[in-house]
Amino acid sequence: MSNHNNYVLSPTRQLTDIEKGLVWTKPTSHKESEEERRICKEIKRNWHRGEMKIANILLEGDAGSGKTQLAKALSADLGLPYTKVTCFADMDKSDIIGSILPVISNERLEEMQSEDQLVLKAIYESDSFQSTSEIVMNVLGISQEQAALKMKRLLKRVAQNTGDDVVEYRFYPSEIVRAFQKGYLLEIQEPTVIRDAAVLMALNSALELDGSINLPTEIIHRHPDFIAIITTNRSYTGTRPLNEALRDRIQHSEKMDLPSKDMMIERAMAKTEYRNQKVLGLLADIIILLDKTARASGIKGVAGMRSYFYWADAVAEGASARESLYHKVIYKITTDSEEIKLLEDALKKHGLLASLDEVEINVQKKNEFLIR
């Protein structure tokens, strides 16, 4: 965004070197969207208007519609460190607030399994800048849900290994608490999968504009720069409708659909460096039609921007446009034979499969000419 510095919310705020590293840097392939411009203008316009402040944003759309990319772009535009939390069904309040962890002696530590030792040493040696889940994710290379489960099991093992020792306890805040307290831009991915009502209540409290969170060690208040970006997929397996109380705390929402055809082409050119606009336009037409057809036919899969980029990249590298259509797009939507036929029939009806075949012929002719 050429004028993105105009949207920095706290120009006089001094970020630490670590926090500066968390502010997203836009790659050259990034193309600003209407949603990005609109959200930045709304946040900036209302930032000092008290109860009219916009600090909780909802981005709702299909997988691959650019929700996380937009959340990161807002970090760059607003000058805020970016972090995220990915929700899962069995989250409990400790995943929202954080964990109290006993610090056991070196002798007790040596009695534990090597993997547990590795995790605990990393946590004890941390400066509390990272949440325990993030530390476990980095040390073991596992997902956020797996890290949360690992921590719960580890806490039980640590308790069993303390014996009669006098133990020091430390509180390690969650990523949500860290962002809430320090004033970061936090992406909350898929809160619709959370099952525990108590967890949703804790999350709701964090999203109040003048909210506070009761920690085991203190009560903390929402940093004035804290922005929450809730991203959720439509028609995603395991999701529920967004909690009404949570939705009520949203001040601005965006329905994330496929961008315009021209924007799709522009982004694909930036991502892949493929310059054949005619071919990219045809691929975009196919993605758009498949997306509409899948929705109308009740097919759960999605034809989104990710599929478009990978398909365009494959074609740019010489892959058959017709053959790679299946591996990069259709089989990501569905592998059901009847549903595939519905998609194929739609493409045939609009003459798009014939256009793909024409592209193949023209590419072959061009290659033969170059060989001669």
# chains A, B, ... in the order shown; residues from 1 in each chain; ligands from 1
call {"tool": "select_by_dssp", "arguments": {"residues": "segment 41-227 of chain A", "states": "strand (DSSP E or B)", "output": "ChimeraX atom specification"}}
result
/A:56-61,82-86,98-103,168-173,185-189,212-214,219-221,227
call {"tool": "residues_around", "arguments": {"residues": "segment 205-222 of chain A", "least_positions_apart": "3", "cutoff": "6 Å", "atoms": "only C-alpha atoms", "output": "PDB file with N, CA, C and O atoms, in the first residue's frame"}}
result
ATOM      1  N   PHE A 180      -3.087  -9.199  24.123  1.00  0.00           N
ATOM      2  CA  PHE A 180      -4.049  -8.351  24.840  1.00  0.00           C
ATOM      3  C   PHE A 180      -3.322  -7.327  25.703  1.00  0.00           C
ATOM      4  O   PHE A 180      -3.689  -6.149  25.750  1.00  0.00           O
ATOM      5  N   GLN A 181      -2.273  -7.766  26.398  1.00  0.00           N
ATOM      6  CA  GLN A 181      -1.566  -6.919  27.348  1.00  0.00           C
ATOM      7  C   GLN A 181      -0.548  -6.000  26.684  1.00  0.00           C
ATOM      8  O   GLN A 181      -0.344  -4.862  27.109  1.00  0.00           O
ATOM      9  N   ALA A 202     -14.513 -16.679  28.292  1.00  0.00           N
ATOM     10  CA  ALA A 202     -13.216 -16.062  28.563  1.00  0.00           C
ATOM     11  C   ALA A 202     -12.740 -15.265  27.352  1.00  0.00           C
ATOM     12  O   ALA A 202     -12.190 -14.170  27.481  1.00  0.00           O
TER      13      ALA A 202
END
call {"tool": "residues_around", "arguments": {"residues": "segment 112-115 of chain A", "least_positions_apart": "5", "cutoff": "12 Å", "atoms": "only C-alpha atoms", "output": "number ranges by chain"}}
result
A: 104-107, 120-122, 136, 139-140, 150-151, 154, 157-162
call {"tool": "write_last_selection", "arguments": {"atoms": "C-alpha atoms", "output": "compact mmCIF listing (two decimals), in the first residue's frame"}}
result
# COMPACT_ATOMS: atom_id res chain seq x y z
CA ILE A 104 11.41 -28.56 39.40
CA SER A 105 14.98 -29.21 40.45
CA ASN A 106 17.67 -30.37 38.01
CA GLU A 107 17.76 -33.75 39.76
CA LEU A 120 10.83 -27.96 30.16
CA LYS A 121 14.37 -26.64 29.70
CA ALA A 122 13.18 -24.52 26.76
CA VAL A 136 6.42 -26.49 22.60
CA VAL A 139 10.79 -27.35 20.08
CA LEU A 140 8.83 -30.39 18.88
CA LYS A 150 1.40 -32.04 25.37
CA MET A 151 1.49 -29.28 27.99
CA LEU A 154 3.50 -32.61 30.98
CA ARG A 157 4.06 -35.61 34.97
CA VAL A 158 5.78 -32.65 36.60
CA ALA A 159 3.35 -32.78 39.52
CA GLN A 160 4.10 -36.48 39.96
CA ASN A 161 7.86 -35.79 39.96
CA THR A 162 7.92 -33.01 42.54
call {"tool": "closest_residue", "arguments": {"among": "A:Glu360, A:Glu338, A:Asp345, A:Glu19", "to": "Ala319 of chain A", "atoms": "only C-alpha atoms"}}
result
A:Glu360
call {"tool": "select_by_dssp", "arguments": {"residues": "segment 270-352 of chain A", "states": "helix (DSSP H, G or I)", "output": "PyMOL selection string"}}
result
chain A and resi 270-272+277-297+305-316+321-333+337-349+352
call {"tool": "residues_around", "arguments": {"residues": "Asp262 of chain A", "least_positions_apart": "2", "cutoff": "10 Å", "atoms": "only C-alpha atoms", "output": "ChimeraX atom specification"}}
result
/A:259-260,264-268,277,280-281,284
call {"tool": "closest_residue", "arguments": {"among": "A:Met263, A:Leu155, A:Ala55, A:Ile229", "to": "Glu34 of chain A", "atoms": "only C-alpha atoms"}}
result
A:Met263
